[in-house]
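This report refers to the structure that appears directly beneath it.
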There are 4 protein chains.
Amino acid sequence: MIRVGILGASGYTGFELIRILVNHPGTTLLALSSRGLEGEAVAAHYPAFKGFVDLRFLSPESPVFEEADVVFSALPHGASMQMVSKLLDKGVRVIDLSADFRIKDVSVYEKWYQKHDCPHLLREAVYGLPELYRKEIAGAKLVANPGCYPTSVILAAAPLLQRGLVKSDNIIADSKSGVTGAGRGLSLATHFCEVNEGFGAYKVGGVHRHIPEMEQELSQLAGSDIRITFTPHLVPMSRGILSTLYLTPIEGVSESDVEDAFHEAYDNEPFVRLCEKGRFPTTLQVRGSNFCDIGWKLDPRTGKLIVISAIDNLTRGASGQAVCNMNIMFEFDETMGLTFPPWQP
Amino acid sequence: MIRVGILGASGYTGFELIRILVNHPGTTLLALSSRGLEGEAVAAHYPAFKGFVDLRFLSPESPVFEEADVVFSALPHGASMQMVSKLLDKGVRVIDLSADFRIKDVSVYEKWYQKHDCPHLLREAVYGLPELYRKEIAGAKLVANPGCYPTSVILAAAPLLQRGLVKSDNIIADSKSGVTGAGRGLSLATHFCEVNEGFGAYKVGGVHRHIPEMEQELSQLAGSDIRITFTPHLVPMSRGILSTLYLTPIEGVSESDVEDAFHEAYDNEPFVRLCEKGRFPTTLQVRGSNFCDIGWKLDPRTGKLIVISAIDNLTRGASGQAVCNMNIMFEFDETMGLTFPPWQP
Amino acid sequence: MIRVGILGASGYTGFELIRILVNHPGTTLLALSSRGLEGEAVAAHYPAFKGFVDLRFLSPESPVFEEADVVFSALPHGASMQMVSKLLDKGVRVIDLSADFRIKDVSVYEKWYQKHDCPHLLREAVYGLPELYRKEIAGAKLVANPGCYPTSVILAAAPLLQRGLVKSDNIIADSKSGVTGAGRGLSLATHFCEVNEGFGAYKVGGVHRHIPEMEQELSQLAGSDIRITFTPHLVPMSRGILSTLYLTPIEGVSESDVEDAFHEAYDNEPFVRLCEKGRFPTTLQVRGSNFCDIGWKLDPRTGKLIVISAIDNLTRGASGQAVCNMNIMFEFDETMGLTFPPWQP
Amino acid sequence: MIRVGILGASGYTGFELIRILVNHPGTTLLALSSRGLEGEAVAAHYPAFKGFVDLRFLSPESPVFEEADVVFSALPHGASMQMVSKLLDKGVRVIDLSADFRIKDVSVYEKWYQKHDCPHLLREAVYGLPELYRKEIAGAKLVANPGCYPTSVILAAAPLLQRGLVKSDNIIADSKSGVTGAGRGLSLATHFCEVNEGFGAYKVGGVHRHIPEMEQELSQLAGSDIRITFTPHLVPMSRGILSTLYLTPIEGVSESDVEDAFHEAYDNEPFVRLCEKGRFPTTLQVRGSNFCDIGWKLDPRTGKLIVISAIDNLTRGASGQAVCNMNIMFEFDETMGLTFPPWQP
């Protein structure tokens with residue numbers, strides 16, 4: 001049994017970590033932090049967890065976290081890097097759900113986010129997408145857990161770029177997210193009556209902070225510099241991301257080449273499921289699970305390849321993937337604690 | 001006061017016509033048909049209309065429709081063409097909300113839909129998008145009311161193609177529709193529990209029947225053959241379409257050229273509203289109204305132009321636009337009966 | 001044309017007033033206040049109203065409001081009373097949507113709310129439920145617009161209490177409201193992800209502030225002191241209140257006595273609709289309209305009379321009813337500007 | 001490992017059984033029936049279960065079900081009784097989720113439902129509410145799994161009736177259910193656009209078939225004949241039932257007597273959670289779990305006792321409770337396979 005701490009446990013990714021870990025056979029919940037709720041019982045604040053969690057929220061500075069075998073940081077970027085660095089110094093392994101350690105190039109990080117306090121850790125951090133970095137994750141002290149949009153986009157494009165089946169320019173990802181993606185903080189943008197029946201785009205035109213993360217990984221896969229056109233949208237639902245990618249196949253590439261590539265890449269992956277020909281994923285079919293479902297179709301009239309992926313933004317897009325990374329780091333079975341089916345309906 | 005008939009009045013576009021027309025100062029509701037509900041009081045079937053409609057549903061074959069000044073046909077394609085033809089013979093002007101008279105080239109229609117029974121009417125029919133065909137609509141006997149997706153896509157692209165600001169290839173429209181777009185008929189795809197929290201794409205890869213209609217009008221505007229990559233999605237909400245278009249500007253075209261084009265095209269249009277710089281439309285902001293709201297942004301990193309349009313699929317995408325066409329045909333003020341603001345919230 | 005001002009125009013009841021008044025043929029919008037948004041263009045803040053409202057938000061203290069023929073106050077209780085008093089002094093007629101002038105007995109008001117600054121106005125204020133106080137409203141300088149829950153409960157019970165058909169004790173109202181009832185302010189309770197799939201009760205056990213208002217009016221109707229058991233619930237939807245009342249008929253009273261009472265009371269009322277036998281109202285059937293739909297059934301097994309009413313909380317429960325009161329005060333047709341059908345679907 | 005069959009596995013309660021059982025450590029899924037989908041792969045029909053279920057749907061008459069240790073019947077009432085009887089004859093233990101064996105008095109069953117084909121089994125059947133019949137369930141061959149509404153109402157009232165704290169007349173239950181309660185079959189009543197923003201009551205006035213079941217159990221608890229006024233409502237959400245009960249305390253009973261009764265009855269129950277004073281349950285806090293959360297308040301102004309219970313209608317109200325019964329029957333830990341926390345958010 002390993003001892004686990006969660007920093008920033010009062011938001012949605014924190015809750016999702018708790019939900020998964022209370023049923024994980026290899027872990028004990030040691031400590032949960034929330035600056036705003038310090039001292040309050042977790043179950044009092046969130047009655048759903050009554051009977052599952054007896055802990056009270058601690059300050060993120062509490063020394064108890066140093067006794068953990070692993071700490072998940074669900075703090076916001078900027079706030080996360082300092083806590084992470086301190087814990088690593090104490091020998092605690094860390095899985096960071098913020099963006100602070102995802103970008104390898106510190107100048108890119110600082111352009112899109114803010115000044116970085118511990119750039120020396122960027123090289124050490126492993127990007128926690130198991131399908132791409134399983135081996136490196138196993139030995140990592142610090143895992144940078146991928147963003148929700150990047151997870152959905154990279155998994156959809158990786159087999160094609162890696163095998164050189166699509167061109168590296170002109171890649172478009174039109175993504176749609178449920179409202180948990182906007183977090184538990186209060187704003188008009190997440191007020192029920194402003195969201196309900198209101199579907200729209202935001203951060204249009206190359207300004208969403210998940211772009212450099214996608215480009216870093218896609219470029220790595222393609223072996224050449226990639227720029228992506230990415231448009232996020234907000235869907236009136238709680239959970240899920242669906243990404244619709246528009247790609248341009250290299251001349252001569254057929255739909256069956258595409259099919260082969262996906263099967264070769266993912267048939268042995270426990271958390272990627274490929275749709276049968278003519279079927280496409282929906283967010284409901286993966287809700288509450290760690291799966292990424294992927295479907296595709298070559299438009300014979302325009303030559304474009306459309307690839308569609310669906311994930312649960314809180315599970316595969318955040319906390320489920322983080323637990324999967326923990327499993328790999330601690331030599332548990334990779335699916336341990338993550339074998340529950342999607343919530344239906 | 002003109003007398004109005006509605007064929008196929010028991011579905012959502014029929015209801016929307018009734019909703020608008022009971023408050024239209026220039027019309028009287030003469031007759032409503034529903035084969036399945038023949039003889040039943042409209043208000044008994046749909047209590048919301050109690051106090052507004054005293055009529056009973058008639059058979060679509062009822063001779064009463066021949067006494068109308070104008071008949072809206074909200075019948076399904078295939079069924080509509082025969083009724084329309086008969087009414088035109090009797091001198092009744094018709095606004096057809098089905099796809100039967102939208103496609104000018106009968107072979108294209110027959111490839112995407114079915115055999116056409118009255119191809120001679122295709123030439124006579126006017127495509128009922130007021131911003132493009134106002135003059136022709138005024139004198140038309142038969143108006144082919146545009147499809148919901150095509151309305152949202154054509155209005156977003158028209159000023160740019162017409163002025164040659166974007167390339168005519170590589171056009172992508174990623175569209176998202178509320179569930180009323182799937183009609184009032186019963187299917188698992190519209191069951192509350194299958195839709196709720198379930199966002200997904202359908203008819204992926206060049207197979208949706210609205211494609212030839214879009215291509216016909218976009219090609220006409222561009223003066224060259226256009227093929228579009230179009231992916232429709234279903235959103236867990238009742239009303240609204242948001243279309244996100246990805247276009248490639250001609251070299252040298254700037255965002256301000258785009259801005260000028262939109263303002264030139266639409267500043268005097270009563271039912272198009274342009275978003276201020278940095279703002280983008282949402283379905284909630286147009287819900288229940290005849291507006292098409294449009295926003296755009298040039299992605300400086302990839303050079304793509306993103307144009308986003310929002311309409312209410314039942315109002316601007318069907319019945320509101322149909323009433324607007326009626327206003328033009330009968331020399332009413334174009335906005336008569338359509339001056340209500342969007343439903344908020 | 002009368003000139004109209006709205007104090008507190010940036011919340012949901014303010015928006016609903018704007019929505020209705022921009023289409024009202026007898027009024028001009030003179031001034032809108034919002035302390036937080038002073039100076040901002042209304043249409044910039046709420047793009048849905050682009051093309052409808054050219055005004056900017058003013059301070060509530062702006063002297064422009066004194067030039068109005070009537071001012072609607074959508075300010076919170078406490079804040080409203082002072083502004084109202086000032087305007088009345090200047091000869092402006094006022095329709096107050098807060099609770100400040102609904103309770104006749106100042107000690108009751110002060111027990112449930114706070115200290116009252118202008119108790120002398122309580123006698124002058126007319127409770128703005130047209131079905132009960134039409135005549136008094138016509139001559140009123142100050143109308144206290146009823147609360148949303150009280151509107152739904154009083155209209156459902158009035159004909160029965162007035163005619164002595166039900167006992168005055170043991171009255172239960174189990175009410176369910178959409179989220180707009182909680183206002184546009186931010187709180188976890190209105191966060192999309194906390195509301196979605198979350199149905200619950202609040203202010204259980206005789207503590208909701210609408211109780212004294214209900215009891216005042218029901219007691220008046222019954223001619224005896226009434227205490228009501230009232231439980232409000234929050235429904236994951238934007239608009240609507242459904243109240244389910246449990247009443248005990250006086251011995252010998254039959255379902256047809258009940259039916260007669262409702263028809264006698266409401267058959268000539270423009271904004272009450274009675275359901276046919278065996279049918280019951282839903283919030284969707286009245287959404288966006290000023291109707292109160294009512295259905296009832298005597299449970300033959302237990303002897304209880306169940307009466308169910310549905311209103312739109314923002315229209316009949318607030319702003320629509322306020323406009324109706326304005327119509328009566330200014331001798332417009334009572335339905336002017338309110339003749340639109342419910343939003344379907 | 002016991003072998004499990006599910007009859008009627010293609011509806012929502014069937015899915016919920018599958019969801020729970022694929023993770024249950026003591027069971028193997030042997031066979032699933034669906035008459036309409038016979039021969040089809042379960043995972044093809046419902047992609048969410050891809051990777052979890054390799055079976056194909058069988059006919060309910062398939063002899064494979066006779067090899068099961070236990071069969072869950074999720075068939076509709078009427079259809080269920082015949083299959084159940086046949087399986088019992090073959091020595092298979094059965095948990096029936098239909099209403100066919102819940103009512104002890106055959107004349108009551110036949111009055112509310114239809115002719116009963118195997119009334120001799122009514123005496124043998126055990127009503128599967130573990131809190132009341134744990135011991136009898138352990139030895140049962142046939143468990144009649146309680147209805148969803150009755151579960152929520154009986155658990156809320158049981159401790160009070162059993163201890164004689166409330167009067168046995170004048171009991172009112174105002175219940176609200178998510179749409180899965182209406183099943184997966186198609187009807188306008190479950191069409192997304194008819195449900196969304198539409199809250200209403202149905203089967204008003206003593207006609208819902210769950211009434212005799214509630215009355216049987218409540219009478220048994222009270223030791224006297226009870227009649228209940230029950231009004232079900234449909235909430236625009238997928239899962240959950242909230243029941244608001246109005247009870248009349250016996251003179252002298254205080255809120256702390258009530259509190260004691262609940263704690264005495266439920267403190268050792270694994271699947272009942274009591275709210276802290278001043279808090280009340282919501283459907284979201286129990287969603288996807290087997291918990292029944294209960295809160296209460298004595299209205300000091302009217303003397304009424306309000307008790308509110310929340311369950312997930314598919315889990316505690318159907319399939320979760322059925323698995324719990326199976327655990328008891330086969331001497332598994334009662335919580336086995338049911339230890340997952342509620343789905344948040």
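Just so we're on the same page: first chain in the structure tokens is A, next is B, and so on; residues restart at 1 for each chain, and ligands are numbered from 1 in the order they show up.
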Taking a cut-off of 7 Å and counting only C-alpha atoms, can you build a table that, for each residue of chain C near chain D, reports the nearest atom pair and how far apart they are in Å (one decimal), sorted by chain then residue number, as JSON lines?
```
{"residue": "C:Cys193", "atom": "CA", "partner": "D:Pro345", "partner_atom": "CA", "distance": 6.1}
{"residue": "C:Glu194", "atom": "CA", "partner": "D:Pro345", "partner_atom": "CA", "distance": 6.7}
{"residue": "C:Glu197", "atom": "CA", "partner": "D:Met237", "partner_atom": "CA", "distance": 5.1}
{"residue": "C:Gly198", "atom": "CA", "partner": "D:Leu284", "partner_atom": "CA", "distance": 4.3}
{"residue": "C:Phe199", "atom": "CA", "partner": "D:Thr283", "partner_atom": "CA", "distance": 5.4}
{"residue": "C:Gly200", "atom": "CA", "partner": "D:Thr282", "partner_atom": "CA", "distance": 4.4}
{"residue": "C:Ala201", "atom": "CA", "partner": "D:Phe280", "partner_atom": "CA", "distance": 6.9}
{"residue": "C:Val204", "atom": "CA", "partner": "D:Lys297", "partner_atom": "CA", "distance": 6.9}
{"residue": "C:Gly205", "atom": "CA", "partner": "D:Asp299", "partner_atom": "CA", "distance": 4.3}
{"residue": "C:Gly206", "atom": "CA", "partner": "D:Asp299", "partner_atom": "CA", "distance": 5.4}
{"residue": "C:Arg227", "atom": "CA", "partner": "D:Thr302", "partner_atom": "CA", "distance": 6.4}
{"residue": "C:Ile228", "atom": "CA", "partner": "D:Thr302", "partner_atom": "CA", "distance": 6.8}
{"residue": "C:Thr229", "atom": "CA", "partner": "D:Thr302", "partner_atom": "CA", "distance": 6.3}
{"residue": "C:Pro236", "atom": "CA", "partner": "D:Pro236", "partner_atom": "CA", "distance": 6.5}
{"residue": "C:Met237", "atom": "CA", "partner": "D:Glu197", "partner_atom": "CA", "distance": 5.1}
{"residue": "C:Ser238", "atom": "CA", "partner": "D:Glu197", "partner_atom": "CA", "distance": 6.8}
{"residue": "C:Arg239", "atom": "CA", "partner": "D:Glu197", "partner_atom": "CA", "distance": 6.9}
{"residue": "C:Leu242", "atom": "CA", "partner": "D:Gly200", "partner_atom": "CA", "distance": 7.0}
{"residue": "C:Phe280", "atom": "CA", "partner": "D:Ala201", "partner_atom": "CA", "distance": 6.9}
{"residue": "C:Pro281", "atom": "CA", "partner": "D:Gly200", "partner_atom": "CA", "distance": 6.5}
{"residue": "C:Thr282", "atom": "CA", "partner": "D:Gly200", "partner_atom": "CA", "distance": 4.4}
{"residue": "C:Thr283", "atom": "CA", "partner": "D:Gly198", "partner_atom": "CA", "distance": 5.1}
{"residue": "C:Leu284", "atom": "CA", "partner": "D:Gly198", "partner_atom": "CA", "distance": 4.3}
{"residue": "C:Lys297", "atom": "CA", "partner": "D:Gly205", "partner_atom": "CA", "distance": 5.7}
{"residue": "C:Leu298", "atom": "CA", "partner": "D:Gly205", "partner_atom": "CA", "distance": 6.1}
{"residue": "C:Asp299", "atom": "CA", "partner": "D:Gly205", "partner_atom": "CA", "distance": 4.3}
{"residue": "C:Arg301", "atom": "CA", "partner": "D:Gly206", "partner_atom": "CA", "distance": 6.5}
{"residue": "C:Thr302", "atom": "CA", "partner": "D:Thr229", "partner_atom": "CA", "distance": 6.3}
{"residue": "C:Ile306", "atom": "CA", "partner": "D:Gly205", "partner_atom": "CA", "distance": 6.9}
{"residue": "C:Pro345", "atom": "CA", "partner": "D:Cys193", "partner_atom": "CA", "distance": 6.1}
```
Let me see the file: selected residues, C-alpha atoms, as a JSON list (two decimals), in the first residue's frame.
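For reference, again-v1.json as written:
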```json
[["chain", "number", "residue", "atom", "x", "y", "z"],
["C", 193, "CYS", "CA", -21.94, 21.14, -12.79],
["C", 194, "GLU", "CA", -23.48, 21.29, -9.33],
["C", 197, "GLU", "CA", -28.34, 16.01, -12.53],
["C", 198, "GLY", "CA", -28.77, 17.47, -9.05],
["C", 199, "PHE", "CA", -32.33, 17.89, -7.80],
["C", 200, "GLY", "CA", -32.84, 18.89, -4.19],
["C", 201, "ALA", "CA", -34.84, 20.87, -1.66],
["C", 204, "VAL", "CA", -36.92, 23.24, 4.29],
["C", 205, "GLY", "CA", -39.30, 23.52, 7.23],
["C", 206, "GLY", "CA", -40.95, 26.91, 7.34],
["C", 227, "ARG", "CA", -50.35, 28.57, 7.98],
["C", 228, "ILE", "CA", -48.81, 26.73, 5.10],
["C", 229, "THR", "CA", -46.17, 24.02, 4.90],
["C", 236, "PRO", "CA", -31.93, 21.45, -13.29],
["C", 237, "MET", "CA", -33.58, 23.74, -15.83],
["C", 238, "SER", "CA", -33.46, 27.47, -16.43],
["C", 239, "ARG", "CA", -37.07, 28.58, -16.16],
["C", 242, "LEU", "CA", -44.38, 23.91, -10.74],
["C", 280, "PHE", "CA", -51.73, 18.48, -15.80],
["C", 281, "PRO", "CA", -49.52, 21.43, -16.55],
["C", 282, "THR", "CA", -45.77, 21.37, -17.18],
["C", 283, "THR", "CA", -43.28, 24.19, -17.04],
["C", 284, "LEU", "CA", -42.44, 23.78, -20.71],
["C", 297, "LYS", "CA", -57.43, 15.81, -9.17],
["C", 298, "LEU", "CA", -59.22, 14.48, -6.13],
["C", 299, "ASP", "CA", -57.49, 11.34, -4.88],
["C", 301, "ARG", "CA", -58.35, 6.74, -2.02],
["C", 302, "THR", "CA", -57.14, 9.33, 0.47],
["C", 306, "ILE", "CA", -54.09, 17.79, -5.48],
["C", 345, "PRO", "CA", -39.73, 23.58, -27.40]]
```
Which parts of region 120-240 of chain A does DSSP call helix (DSSP H, G or I) when run on the backbone here, written out as a PyMOL selection string?
chain A and resi 120-124+130-138+148-162+179-182+188-190+192-195+211-222
Using backbone DSSP assignments, extract all strand (DSSP E) residues from region 114-211 of chain C; output them as a list in words.
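Secondary structure check on region 114-211 of chain C, strand (DSSP E): Val126, Tyr127, Leu142, Val143, Ala144, Ile171, Ile172, Ala173, Asp174, Ser175, Lys176, Ser177, Gly200 and Ala201 of chain C.
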Find the distance between CA of Asn327 (chain B) and CA of Gln220 (chain B) and write it in Å to one decimal.
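Taking CA of Asn327 (chain B) and CA of Gln220 (chain B), their separation equals 25.1 Å.
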Skip Val4 (chain B) itself and residues of its chain fewer than 5 positions away, then list as a short mmCIF file (atom, residue, chain, number, x, y, z; two decimals) with N, CA and C atoms, in the first residue's frame all residues within 7 Å of it, counting only C-alpha atoms.
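Saved as out-v2.cif:
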```
data_model
loop_
_atom_site.label_atom_id
_atom_site.label_comp_id
_atom_site.auth_asym_id
_atom_site.auth_seq_id
_atom_site.Cartn_x
_atom_site.Cartn_y
_atom_site.Cartn_z
N THR B 27 -51.25 38.23 -41.06
CA THR B 27 -51.71 36.91 -41.51
C THR B 27 -52.84 36.35 -40.65
N THR B 28 -53.61 35.48 -41.25
CA THR B 28 -54.59 34.66 -40.53
C THR B 28 -54.26 33.20 -40.78
N LEU B 29 -54.25 32.42 -39.71
CA LEU B 29 -54.04 30.98 -39.87
C LEU B 29 -55.33 30.36 -40.40
N LEU B 30 -55.23 29.79 -41.59
CA LEU B 30 -56.41 29.23 -42.24
C LEU B 30 -56.53 27.73 -41.98
N ALA B 31 -55.43 27.02 -42.13
CA ALA B 31 -55.50 25.56 -42.05
C ALA B 31 -54.15 24.96 -41.72
N ALA B 68 -55.80 29.22 -49.58
CA ALA B 68 -54.78 30.04 -48.91
C ALA B 68 -54.09 30.96 -49.92
N ASP B 69 -53.58 32.07 -49.41
CA ASP B 69 -52.72 32.92 -50.23
C ASP B 69 -51.32 32.33 -50.31
N VAL B 70 -50.92 31.71 -49.22
CA VAL B 70 -49.60 31.07 -49.20
C VAL B 70 -49.67 29.84 -48.31
N VAL B 71 -48.97 28.80 -48.73
CA VAL B 71 -48.88 27.59 -47.92
C VAL B 71 -47.41 27.31 -47.61
#
```
Given only C-alpha atoms as the basis, pick out the residue of A:Gly8, A:Gly39, A:Pro341, A:Pro212 nearest to Gly288 (chain A).
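Among the listed residues, A:Pro341 lies closest to Gly288 (chain A).
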So that I can see what lies close to region 135-149 of chain A, please list as a VMD selection string the residues with an atom at most 6 Å from it, counting only C-alpha atoms and leaving out residues fewer than 3 positions away in the same chain.
chain A and resid 93 to 97 101 to 102 125 to 128 152 313 317 328 to 329
Write the residues of the preceding selection, restricted to N, CA and C atoms, as a PDB file, in the first residue's frame.
```pdb
ATOM      1  N   ARG A  93       7.774  11.414  -4.843  1.00  0.00           N
ATOM      2  CA  ARG A  93       7.493  11.437  -6.286  1.00  0.00           C
ATOM      3  C   ARG A  93       6.196  12.228  -6.510  1.00  0.00           C
ATOM      4  N   VAL A  94       6.150  12.907  -7.626  1.00  0.00           N
ATOM      5  CA  VAL A  94       5.030  13.830  -7.857  1.00  0.00           C
ATOM      6  C   VAL A  94       4.425  13.625  -9.237  1.00  0.00           C
ATOM      7  N   ILE A  95       3.094  13.640  -9.266  1.00  0.00           N
ATOM      8  CA  ILE A  95       2.359  13.692 -10.536  1.00  0.00           C
ATOM      9  C   ILE A  95       1.628  15.024 -10.543  1.00  0.00           C
ATOM     10  N   ASP A  96       2.049  15.886 -11.458  1.00  0.00           N
ATOM     11  CA  ASP A  96       1.548  17.252 -11.464  1.00  0.00           C
ATOM     12  C   ASP A  96       0.485  17.406 -12.548  1.00  0.00           C
ATOM     13  N   LEU A  97      -0.721  17.756 -12.134  1.00  0.00           N
ATOM     14  CA  LEU A  97      -1.807  17.904 -13.111  1.00  0.00           C
ATOM     15  C   LEU A  97      -1.880  19.308 -13.705  1.00  0.00           C
ATOM     16  N   PHE A 101       4.949  21.590 -15.840  1.00  0.00           N
ATOM     17  CA  PHE A 101       6.106  20.808 -16.271  1.00  0.00           C
ATOM     18  C   PHE A 101       5.876  20.082 -17.589  1.00  0.00           C
ATOM     19  N   ARG A 102       4.867  20.523 -18.326  1.00  0.00           N
ATOM     20  CA  ARG A 102       4.556  19.842 -19.585  1.00  0.00           C
ATOM     21  C   ARG A 102       5.421  20.325 -20.743  1.00  0.00           C
ATOM     22  N   ALA A 125      11.182  16.144 -15.889  1.00  0.00           N
ATOM     23  CA  ALA A 125       9.768  15.773 -15.934  1.00  0.00           C
ATOM     24  C   ALA A 125       9.470  14.911 -17.159  1.00  0.00           C
ATOM     25  N   VAL A 126       8.616  13.914 -16.952  1.00  0.00           N
ATOM     26  CA  VAL A 126       8.185  13.061 -18.061  1.00  0.00           C
ATOM     27  C   VAL A 126       6.739  13.392 -18.403  1.00  0.00           C
ATOM     28  N   TYR A 127       6.466  13.546 -19.686  1.00  0.00           N
ATOM     29  CA  TYR A 127       5.106  13.845 -20.131  1.00  0.00           C
ATOM     30  C   TYR A 127       4.266  12.582 -19.986  1.00  0.00           C
ATOM     31  N   GLY A 128       3.233  12.663 -19.177  1.00  0.00           N
ATOM     32  CA  GLY A 128       2.547  11.453 -18.719  1.00  0.00           C
ATOM     33  C   GLY A 128       1.475  10.898 -19.627  1.00  0.00           C
ATOM     34  N   SER A 152      -6.756  14.379 -25.884  1.00  0.00           N
ATOM     35  CA  SER A 152      -7.709  13.953 -26.915  1.00  0.00           C
ATOM     36  C   SER A 152      -7.153  14.174 -28.319  1.00  0.00           C
ATOM     37  N   ASN A 313     -13.030  14.328 -19.756  1.00  0.00           N
ATOM     38  CA  ASN A 313     -11.970  15.300 -19.477  1.00  0.00           C
ATOM     39  C   ASN A 313     -11.425  15.180 -18.057  1.00  0.00           C
ATOM     40  N   GLY A 317      -8.726  12.755 -19.215  1.00  0.00           N
ATOM     41  CA  GLY A 317      -8.116  14.062 -19.442  1.00  0.00           C
ATOM     42  C   GLY A 317      -7.429  14.640 -18.214  1.00  0.00           C
ATOM     43  N   ILE A 328       1.929   2.933 -13.202  1.00  0.00           N
ATOM     44  CA  ILE A 328       3.157   2.607 -13.932  1.00  0.00           C
ATOM     45  C   ILE A 328       4.391   2.907 -13.061  1.00  0.00           C
ATOM     46  N   MET A 329       4.356   4.035 -12.386  1.00  0.00           N
ATOM     47  CA  MET A 329       5.505   4.433 -11.558  1.00  0.00           C
ATOM     48  C   MET A 329       5.761   3.444 -10.421  1.00  0.00           C
TER      49      MET A 329
END
```
In Å to one decimal, how far is CA of Phe271 (chain C) from CA of Ser224 (chain C)?
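Atom-to-atom, CA of Ser224 (chain C) and CA of Phe271 (chain C) are spaced 27.4 Å apart.
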